[in-house]
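Data from upload_25.txt: compact mmCIF, C-alpha atoms
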# COMPACT_ATOMS: atom_id res chain seq x y z
CA MET A 5 0.00 0.00 0.00
CA SER A 6 2.85 2.33 0.90
CA THR A 7 4.46 1.58 -2.49
CA VAL A 8 1.29 2.67 -4.23
CA SER A 9 1.10 5.91 -2.27
CA LEU A 10 4.79 6.52 -2.93
CA LEU A 11 4.24 6.02 -6.64
CA ALA A 12 1.20 8.28 -6.58
CA THR A 13 3.15 11.02 -4.84
CA ALA A 14 6.12 10.68 -7.17
CA ALA A 15 3.99 10.60 -10.32
CA GLY A 16 2.28 13.75 -9.06
CA PRO A 17 0.31 15.60 -11.69
CA HIS A 18 0.98 12.91 -14.28
CA LEU A 19 -0.62 10.06 -12.36
CA PHE A 20 -3.82 9.91 -14.43
CA TRP A 21 -1.90 10.33 -17.63
CA LEU A 22 0.50 7.50 -16.75
CA ALA A 23 -2.42 5.30 -15.72
CA SER A 24 -4.14 6.03 -19.02
CA ARG A 25 -1.02 5.12 -20.96
CA GLY A 26 -0.59 1.93 -18.95
CA ALA A 27 -4.19 0.95 -19.55
CA GLY A 28 -3.87 1.70 -23.26
CA ILE A 29 -0.80 -0.50 -23.58
CA ALA A 30 -2.51 -3.28 -21.63
CA ALA A 31 -5.60 -2.94 -23.83
CA LEU A 32 -3.53 -3.24 -26.99
CA ILE A 33 -1.85 -6.43 -25.77
CA LEU A 34 -5.06 -7.96 -24.47
CA ALA A 35 -6.97 -7.15 -27.66
CA SER A 36 -4.25 -8.65 -29.83
CA VAL A 37 -4.11 -11.83 -27.78
CA SER A 38 -7.88 -12.02 -27.82
CA VAL A 39 -7.95 -11.69 -31.61
CA CYS A 40 -5.32 -14.46 -31.83
CA VAL A 41 -7.35 -16.78 -29.62
CA GLY A 42 -10.55 -15.96 -31.51
CA LEU A 43 -8.93 -16.73 -34.84
CA LEU A 44 -7.49 -19.99 -33.49
CA MET A 45 -10.91 -20.90 -32.17
CA GLY A 46 -12.86 -20.14 -35.28
CA GLY A 47 -10.37 -21.48 -37.78
CA ARG A 48 -9.36 -25.03 -38.47
CA MET A 49 -6.48 -24.77 -36.01
CA ARG A 50 -8.78 -25.48 -33.14
CA GLY A 51 -7.56 -27.51 -30.23
CA ARG A 52 -9.46 -27.31 -26.98
CA GLY A 53 -12.59 -25.52 -28.11
CA THR A 54 -14.21 -24.78 -24.77
CA GLU A 55 -11.04 -23.55 -23.09
CA LEU A 56 -10.27 -21.29 -26.02
CA ARG A 57 -13.80 -19.90 -25.98
CA VAL A 58 -13.59 -19.12 -22.25
CA ALA A 59 -10.16 -17.53 -22.69
CA HIS A 60 -11.40 -15.49 -25.67
CA GLU A 61 -14.40 -14.24 -23.73
CA ALA A 62 -12.33 -13.34 -20.65
CA LEU A 63 -9.68 -11.60 -22.73
CA SER A 64 -12.32 -9.61 -24.62
CA LEU A 65 -13.96 -8.43 -21.42
CA ALA A 66 -10.56 -7.53 -19.96
CA THR A 67 -9.79 -5.57 -23.14
CA LEU A 68 -13.01 -3.58 -22.84
CA ALA A 69 -12.29 -2.85 -19.19
CA ALA A 70 -8.76 -1.72 -20.02
CA ILE A 71 -10.00 0.59 -22.79
CA ALA A 72 -12.60 2.03 -20.42
CA VAL A 73 -9.86 2.72 -17.86
CA HIS A 74 -7.71 4.18 -20.66
CA GLY A 75 -10.40 6.71 -21.56
CA LEU A 76 -11.83 7.45 -18.13
CA THR A 77 -8.49 8.10 -16.42
CA LEU A 78 -7.83 10.82 -18.98
CA LEU A 79 -10.77 12.70 -17.47
CA GLY A 80 -8.67 13.27 -14.36
CA ASP A 81 -5.66 14.58 -16.25
CA ALA A 82 -4.96 18.16 -15.28
CA PHE A 83 -3.04 18.95 -18.46
CA MET A 84 -5.52 17.93 -21.13
CA HIS A 85 -8.78 18.46 -19.24
CA PRO A 86 -10.89 16.48 -21.67
CA SER A 87 -14.62 16.32 -21.19
CA LEU A 88 -16.57 13.06 -21.22
CA ALA A 89 -17.70 13.86 -24.75
CA ASP A 90 -14.09 14.36 -25.81
CA VAL A 91 -13.18 10.81 -24.82
CA ALA A 92 -16.45 9.11 -25.73
CA VAL A 93 -17.82 10.78 -28.86
CA PRO A 94 -15.87 10.67 -32.11
CA PHE A 95 -14.87 13.94 -33.80
CA VAL A 96 -15.67 16.05 -30.72
CA SER A 97 -12.15 16.40 -29.33
CA SER A 98 -10.09 19.08 -31.00
CA TYR A 99 -6.87 17.35 -30.04
CA GLN A 100 -5.56 15.11 -32.86
CA THR A 101 -9.13 14.61 -33.98
CA PHE A 102 -8.52 11.84 -36.49
CA TRP A 103 -6.43 9.57 -34.28
CA THR A 104 -8.57 10.20 -31.20
CA SER A 105 -11.73 9.47 -33.17
CA ALA A 106 -10.20 6.30 -34.57
CA GLY A 107 -9.66 5.07 -31.02
CA ILE A 108 -13.16 6.02 -29.90
CA VAL A 109 -14.78 4.35 -32.91
CA ALA A 110 -12.64 1.25 -32.30
CA PHE A 111 -13.78 1.10 -28.68
CA TRP A 112 -17.47 1.39 -29.50
CA ALA A 113 -17.17 -1.14 -32.30
CA LEU A 114 -15.34 -3.58 -30.03
CA ALA A 115 -17.91 -3.07 -27.29
CA LEU A 116 -20.92 -3.54 -29.57
CA LEU A 117 -19.51 -6.45 -31.53
CA GLY A 118 -18.06 -8.13 -28.46
CA LEU A 119 -21.02 -7.76 -26.14
CA SER A 120 -23.42 -8.84 -28.91
CA TYR A 121 -22.17 -12.36 -28.08
CA TYR A 122 -24.64 -12.40 -25.20
CA PHE A 123 -27.51 -11.67 -27.59
CA ARG A 124 -26.48 -13.99 -30.41
CA SER A 125 -29.52 -16.19 -30.09
CA ARG A 126 -31.70 -13.15 -30.66
CA ILE A 127 -29.53 -11.83 -33.48
CA GLY A 128 -29.19 -15.23 -35.12
CA VAL A 129 -26.01 -17.24 -34.81
CA GLN A 130 -25.00 -17.06 -38.48
CA ARG A 131 -25.70 -13.33 -38.69
CA TRP A 132 -23.81 -12.77 -35.43
CA LYS A 133 -20.80 -14.71 -36.78
CA ARG A 134 -20.75 -12.52 -39.87
CA LEU A 135 -20.97 -9.40 -37.70
CA HIS A 136 -18.31 -10.67 -35.32
CA ARG A 137 -15.77 -10.78 -38.15
CA LEU A 138 -15.81 -6.99 -38.16
CA THR A 139 -14.13 -7.12 -34.75
CA ALA A 140 -10.83 -7.62 -36.55
CA LEU A 141 -11.34 -4.30 -38.32
CA ALA A 142 -12.08 -2.58 -35.00
CA TRP A 143 -8.89 -4.07 -33.59
CA LEU A 144 -6.93 -2.78 -36.58
CA LEU A 145 -8.45 0.65 -36.01
CA GLY A 146 -7.30 0.52 -32.39
CA LEU A 147 -3.83 -0.46 -33.54
CA ILE A 148 -3.78 2.51 -35.92
CA HIS A 149 -4.89 4.76 -33.04
CA SER A 150 -2.07 3.55 -30.80
CA LEU A 151 0.58 3.93 -33.49
CA GLY A 152 -0.72 7.28 -34.67
CA GLU A 153 -1.39 8.99 -31.37
CA GLY A 154 0.32 6.94 -28.68
CA THR A 155 2.89 8.83 -26.67
CA ASP A 156 5.22 5.84 -26.75
CA ALA A 157 4.60 5.01 -30.40
CA GLY A 158 8.11 6.13 -31.34
CA GLN A 159 9.81 4.09 -28.64
CA THR A 160 11.67 0.92 -29.56
CA TRP A 161 10.27 -1.10 -26.69
CA PHE A 162 6.73 -0.14 -27.64
CA LEU A 163 7.22 -1.00 -31.30
CA ALA A 164 8.86 -4.33 -30.40
CA MET A 165 6.06 -5.18 -27.98
CA THR A 166 3.43 -4.20 -30.53
CA ALA A 167 5.11 -6.35 -33.18
CA ILE A 168 5.28 -9.34 -30.84
CA VAL A 169 1.56 -9.24 -30.11
CA THR A 170 0.20 -8.05 -33.44
CA VAL A 171 2.24 -9.97 -36.01
CA PRO A 172 0.83 -13.38 -34.98
CA ALA A 173 -2.68 -11.96 -35.04
CA LEU A 174 -2.12 -10.39 -38.45
CA LEU A 175 -0.71 -13.67 -39.78
CA LEU A 176 -3.68 -15.61 -38.47
CA LEU A 177 -5.99 -13.03 -39.98
CA ALA A 178 -4.22 -13.31 -43.32
CA VAL A 179 -4.48 -17.11 -43.20
CA ARG A 180 -8.19 -16.84 -42.45
CA TRP A 181 -8.82 -14.41 -45.29
CA ALA A 182 -6.71 -16.47 -47.67
CA ARG A 183 -8.69 -19.58 -46.80
CA ARG A 184 -11.96 -17.80 -47.31
CA ALA A 185 -10.82 -16.39 -50.62
CA ALA A 186 -9.30 -19.66 -51.87
CA PRO A 187 -11.34 -21.16 -54.72
CA THR A 188 -12.87 -24.57 -54.21
CA PRO A 189 -12.05 -27.34 -56.71
CA ASP A 190 -15.12 -26.52 -58.80
CA GLY A 191 -14.02 -22.89 -59.03
CA ALA A 192 -16.65 -21.44 -56.73
CA GLN A 193 -15.77 -19.25 -53.76
CA ARG A 194 -16.14 -20.69 -50.32
CA ALA A 195 -19.29 -19.52 -48.69
CA ARG A 196 -19.72 -21.92 -45.86
CA SER A 197 -21.84 -19.70 -43.74
CA ALA A 198 -23.84 -18.19 -46.57
CA ALA A 199 -25.36 -21.32 -47.99
CA PRO A 200 -26.38 -24.50 -46.20
CA THR A 201 -24.52 -27.69 -47.12
CA PRO A 202 -26.51 -29.62 -49.74
CA PRO A 203 -27.38 -33.17 -48.77
CA ARG A 204 -25.27 -35.93 -50.25
CA PRO A 205 -26.76 -38.07 -52.95
CA ALA A 206 -27.81 -41.46 -51.71
CA THR A 207 -25.28 -43.23 -53.93
CA GLU A 208 -22.31 -41.51 -52.23
CA GLN A 209 -23.31 -42.41 -48.74
CA PRO A 210 -21.44 -45.31 -47.23
CA MET B 24 -18.07 -66.88 -3.98
CA SER B 25 -20.62 -64.59 -5.50
CA ILE B 26 -21.14 -64.00 -9.15
CA GLN B 27 -21.35 -60.32 -10.14
CA GLN B 28 -24.52 -59.49 -11.91
CA PRO B 29 -24.47 -57.15 -14.94
CA PRO B 30 -25.68 -53.62 -14.10
CA THR B 31 -29.28 -52.92 -14.75
CA PRO B 32 -30.25 -50.19 -17.27
CA ASP B 33 -31.19 -47.88 -14.36
CA ARG B 34 -27.78 -48.27 -12.77
CA ARG B 35 -26.04 -47.65 -16.10
CA ARG B 36 -28.11 -44.49 -16.60
CA LEU B 37 -27.20 -43.27 -13.14
CA ALA B 38 -23.53 -43.90 -13.75
CA ALA B 39 -23.69 -42.01 -17.05
CA ARG B 40 -25.37 -39.07 -15.33
CA GLU B 41 -22.71 -39.04 -12.62
CA LEU B 42 -20.02 -39.11 -15.26
CA ALA B 43 -21.64 -36.25 -17.18
CA ARG B 44 -22.01 -34.21 -14.00
CA ALA B 45 -18.39 -34.79 -13.08
CA LYS B 46 -17.30 -33.70 -16.56
CA ARG B 47 -19.43 -30.57 -16.36
CA GLU B 48 -17.99 -29.70 -12.96
CA ALA B 49 -14.44 -30.25 -14.19
CA MET B 50 -15.11 -27.99 -17.17
CA ALA B 51 -16.58 -25.30 -14.91
CA ARG B 52 -13.50 -25.51 -12.68
CA ARG B 53 -11.21 -25.17 -15.70
CA ALA B 54 -13.23 -22.19 -16.98
CA ALA B 55 -13.08 -20.47 -13.59
CA ARG B 56 -9.33 -21.05 -13.47
CA ILE B 57 -8.88 -19.54 -16.94
CA ARG B 58 -10.95 -16.49 -15.96
CA ARG B 59 -8.90 -16.00 -12.81
CA TRP B 60 -5.68 -16.27 -14.80
CA VAL B 61 -6.85 -13.75 -17.37
CA ALA B 62 -7.99 -11.30 -14.69
CA ALA B 63 -4.71 -11.60 -12.79
CA GLY B 64 -2.70 -11.40 -16.00
CA SER B 65 -4.56 -8.28 -17.12
CA LEU B 66 -3.93 -6.58 -13.80
CA ALA B 67 -0.26 -7.56 -13.91
CA LEU B 68 -0.01 -6.27 -17.46
CA PHE B 69 -1.50 -2.92 -16.48
CA VAL B 70 0.83 -2.59 -13.49
CA ALA B 71 3.84 -3.54 -15.62
CA ALA B 72 2.92 -1.04 -18.34
CA PHE B 73 2.35 1.66 -15.72
CA LEU B 74 5.73 0.97 -14.16
CA VAL B 75 7.48 1.06 -17.53
CA VAL B 76 6.08 4.49 -18.40
CA TYR B 77 6.65 5.67 -14.83
CA VAL B 78 10.30 4.61 -14.87
CA GLN B 79 10.62 6.24 -18.27
CA LEU B 80 9.23 9.46 -16.84
CA ALA B 81 11.32 9.33 -13.69
CA SER B 82 14.52 8.66 -15.60
CA GLY B 83 13.88 11.63 -17.87
CA HIS B 84 13.35 9.57 -21.01
CA ASP B 85 9.66 10.19 -21.37
CA PRO B 86 8.97 10.92 -25.03
CA ALA B 87 6.37 13.55 -24.25
CA LEU B 88 8.41 15.50 -21.75
CA VAL B 89 11.44 17.52 -22.61
CA ALA B 90 14.35 16.73 -20.36
CA ASN B 91 15.81 19.95 -19.04
CA ALA B 92 19.37 19.03 -19.81
CA LYS B 93 18.65 18.09 -23.41
CA HIS B 94 16.58 21.15 -23.95
CA LYS B 95 19.21 23.43 -22.48
CA ALA B 96 21.87 21.77 -24.59
CA ALA B 97 19.75 22.10 -27.71
CA SER B 98 18.88 25.74 -27.07
CA GLY B 99 22.47 26.51 -26.13
CA SER B 100 23.80 25.16 -29.38
CA GLY B 101 20.90 26.76 -31.21
CA SER B 102 21.81 30.21 -29.96
CA GLY B 103 25.37 29.60 -31.07
CA SER B 104 24.59 28.70 -34.65
CA GLY B 105 21.44 28.02 -36.58
CA ALA B 106 22.95 25.10 -38.45
CA ALA B 107 23.71 23.29 -35.23
CA SER B 108 20.15 23.59 -34.12
CA ALA B 109 18.94 22.36 -37.47
CA SER B 110 21.14 19.30 -37.26
CA ALA B 111 20.02 18.35 -33.79
CA SER B 112 19.37 14.68 -33.16
CA GLY B 113 16.13 13.25 -34.47
CA LYS B 114 14.98 12.29 -31.02
CA ALA B 115 15.42 15.78 -29.69
CA LYS B 116 13.68 17.15 -32.73
CA SER B 117 10.74 14.84 -32.38
CA THR B 118 10.49 15.62 -28.69
CA LEU B 119 10.48 19.29 -29.38
CA SER B 120 8.04 18.93 -32.22
CA GLU B 121 5.80 16.90 -29.96
CA THR B 122 6.04 19.70 -27.47
CA ALA B 123 5.03 22.20 -30.07
CA SER B 124 2.17 20.10 -31.32
CA GLY B 125 1.01 19.50 -27.76
CA GLU B 126 1.00 23.16 -27.06
CA SER B 127 -0.85 23.87 -30.25
CA GLY B 128 -3.36 21.24 -29.16
CA SER B 129 -3.91 22.86 -25.82
CA SER B 130 -3.70 26.46 -26.83
CA GLY B 131 -3.49 27.60 -30.37
CA SER B 132 -2.36 31.14 -29.60
CA SER B 133 0.88 30.11 -27.92
CA SER B 134 1.74 27.86 -30.84
CA SER B 135 1.16 30.56 -33.39
CA SER B 136 3.30 32.99 -31.47
CA GLU B 137 6.08 30.42 -31.35
CA SER B 138 5.95 29.72 -35.02
CA GLY B 139 5.90 33.42 -35.61
CA THR B 140 9.39 33.69 -34.19
CA SER B 141 10.89 31.42 -36.81
CA THR B 142 13.63 32.94 -38.90
CA SER B 143 16.46 31.53 -41.00
CA THR B 144 16.59 28.36 -38.91
CA GLU B 145 13.29 27.34 -40.36
CA SER B 146 14.59 27.25 -43.90
CA GLU B 147 17.73 25.43 -42.83
CA SER B 148 15.85 22.55 -41.40
CA GLY B 149 14.08 22.16 -44.73
CA SER B 150 11.26 20.21 -43.21
CA SER B 151 7.88 20.37 -44.79
CA SER B 152 5.86 19.36 -41.78
CA GLU B 153 4.50 21.99 -39.51
CA SER B 154 5.67 20.42 -36.28
CA LYS B 155 9.26 20.04 -37.38
CA THR B 156 9.34 23.61 -38.61
CA SER B 157 8.13 24.89 -35.30
CA SER B 158 10.59 22.66 -33.47
CA SER B 159 13.55 24.05 -35.34
CA ALA B 160 12.17 27.50 -34.78
CA GLU B 161 11.92 26.79 -31.10
CA SER B 162 15.40 25.44 -30.77
CA GLY B 163 16.96 28.18 -32.79
CA THR B 164 15.32 31.19 -31.22
CA SER B 165 15.02 33.12 -28.05
CA SER B 166 15.45 31.98 -24.48
CA SER B 167 11.86 32.83 -23.67
CA ASN B 168 10.87 29.48 -25.10
CA GLU B 169 13.46 27.81 -22.94
CA SER B 170 12.07 29.29 -19.80
CA GLU B 171 8.57 28.44 -20.92
CA SER B 172 9.30 24.77 -21.29
CA SER B 173 11.48 24.31 -18.25
CA SER B 174 8.68 22.90 -16.17
CA PRO B 175 7.67 19.37 -17.20
CA SER B 176 3.97 20.00 -17.01
CA SER B 177 4.19 22.89 -19.41
CA VAL B 178 6.02 20.95 -22.08
CA ARG B 179 3.96 17.80 -22.08
CA THR B 180 2.34 16.93 -25.34
CA GLY B 181 -0.78 15.70 -23.71
CA GLN B 182 -0.81 12.63 -25.91
CA SER B 183 -2.88 9.84 -24.54

Write-out of the structure in structure tokens:
Amino acid sequence: MSTVSLLATAAGPHLFWLASRGAGIAALILASVSVCVGLLMGGRMRGRGTELRVAHEALSLATLAAIAVHGLTLLGDAFMHPSLADVAVPFVSSYQTFWTSAGIVAFWALALLGLSYYFRSRIGVQRWKRLHRLTALAWLLGLIHSLGEGTDAGQTWFLAMTAIVTVPALLLLAVRWARRAAPTPDGAQRARSAAPTPPRPATEQP
Amino acid sequence: MSIQQPPTPDRRRLAARELARAKREAMARRAARIRRWVAAGSLALFVAAFLVVYVQLASGHDPALVANAKHKAASGSGSGSGAASASASGKAKSTLSETASGESGSSGSSSSSESGTSTSTESESGSSSESKTSSSAESGTSSSNESESSSPSSVRTGQS
């Protein structure tokens, strides 16, 4: 406890700002790992399905919490003095409007697409799966926000850390897109979720 | 010596239910363990990231804050010759440009007054971007800028 108070005293006026940066970095790592696990779960590289699903869900919720901390702690920063609208509504903040808005849009997209999991039976499972694919785009938008506006974006350690967590996710994403775009033997595009599998002719059945 | 009788269908059903219940419980335990690990890991990650940026700040290597020594050195060489200020290290330049952009973000008037002081140094740097131009202007001009950015809170970019 004394360590925390010592840190708080030493960080002084920058405490909220440092906390926001810490939460942002944590959110970036958690989101990247979550995307990795989600892609492993949904692709053909599945191993332990249930464990991966639980881990993906927990990581997603932790990501949302970290992003919320990232935005809300900025409200206490004495230097920037942002309003709630500045950190929650895109294109309101006058400070680096594009990058800030990219982060805000990414957060709302992640929140909506992630939390829609709990309403997937109402939405329809196939429709929800199609919607959930957009999460990767929201994650990319968050990545762009961190590289474009992040205070530490020019630091070697930050770039190395970002590469370590994002390159595997990007590779998995590329593999997924390549598989979806790969033509089937009869030349048609794969559309597994779009059309139901036709029943086999009786002669082919064992 | 007794002969074991084969289990009745009821007994087999009960055993299957027990087995299913045990499997469900084991799965729930594994799920709870994963959730605990993720929660603890997230907290540890946040603390680690906080400590990294804190140590960076405390050691004077924070990218958004201008270290007094560097700034003094840069402004000292800048007052000596404009070319020296133009050929300052990239890190110092970016730090100063961040400072300028941060100030322009927080108050546009101060930024415009700073950029208004730019003279021949500006053309020497040859940079097309606004922030770099203002940074070279800052480093190459008067000591009023130096005194303005001597306090860490006044030179922070305010980047999130």

Worksheet entry | Contacts of Gly152 (chain A) within 12 Å, all atoms listed in the file, excl. fewer than 2 positions in-chain, as a list in words | Gln100, Thr101, Phe102, Trp103, Thr104, Ser105, Ala106, Gly107, Leu144, Leu145, Gly146, Leu147, Ile148, His149, Ser150, Gly154, Thr155, Asp156, Ala157, Gly158 and Leu163 of chain A; Gln182 and Ser183 of chain B

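Nearest residue to Ala30 (chain A), choosing from B:Ala63, B:Ala54, B:Leu37, B:Val70 and counting only C-alpha atoms: B:Val70.
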
Write out as JSON an axis-aligned box for region 14-26 of chain A: all of its atoms listed in the file, 5 Å added on each side, centre and edge lengths in Å with one decimal.
{"center_x": 1.0, "center_y": 8.8, "center_z": -14.1, "size_x": 20.3, "size_y": 23.7, "size_z": 23.8}

Worksheet item: Could you name the residues that touch Val75 (chain B) at 10 Å or less, counting only C-alpha atoms, but leaving out those on the same chain fewer than 4 positions away, as a ChimeraX atom specification?
Response: /A:22,26,161 /B:69-71,79-81

Worksheet item: Expressed in Å to a single decimal, how great is the separation between CA of Phe20 (chain A) and CA of Ala82 (chain A)?
Response: 8.4 Å

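Residue nearest chain B, chosen from A:Ala115, A:Leu32, A:Glu153, A:His60 and counting all atoms listed in the file: A:Glu153.
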
Item to complete: Check every residue of chain A for an atom within 8 Å of chain B, counting all atoms listed in the file, and provide those that qualify as a ChimeraX atom specification.
Response: /A:15,17,21-27,29-30,34,55,58-59,62-63,66,78,83-84,98-100,153-156,158-159

Item to complete: Have a look at CA of Gly28 (chain A) and CA of Leu135 (chain A) and let me know their distance in Å, one decimal.
Response: 25.0 Å

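Ranking A:Leu19, A:Val171, A:Ala35, A:Leu176 by their shortest atom-to-atom distance to Asp81 (chain A), with only C-alpha atoms included, puts A:Leu19 first.
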
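With distances taken over all atoms listed in the file, A:Leu44 is the one residue among A:Tyr122, A:Phe95, A:Leu114, A:Leu44 lying closest to Arg180 (chain A).
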
Worksheet item: To one decimal place, how far is CA of Ser125 (chain A) from CA of Gly46 (chain A) in Å?
Response: 17.9 Å

Fill in: Residues within 7 Å of (-11.6, -22.0, -28.6), file coords, all atoms listed in the file, listed as a ChimeraX atom specification
/A:41-42,44-45,50,52-57
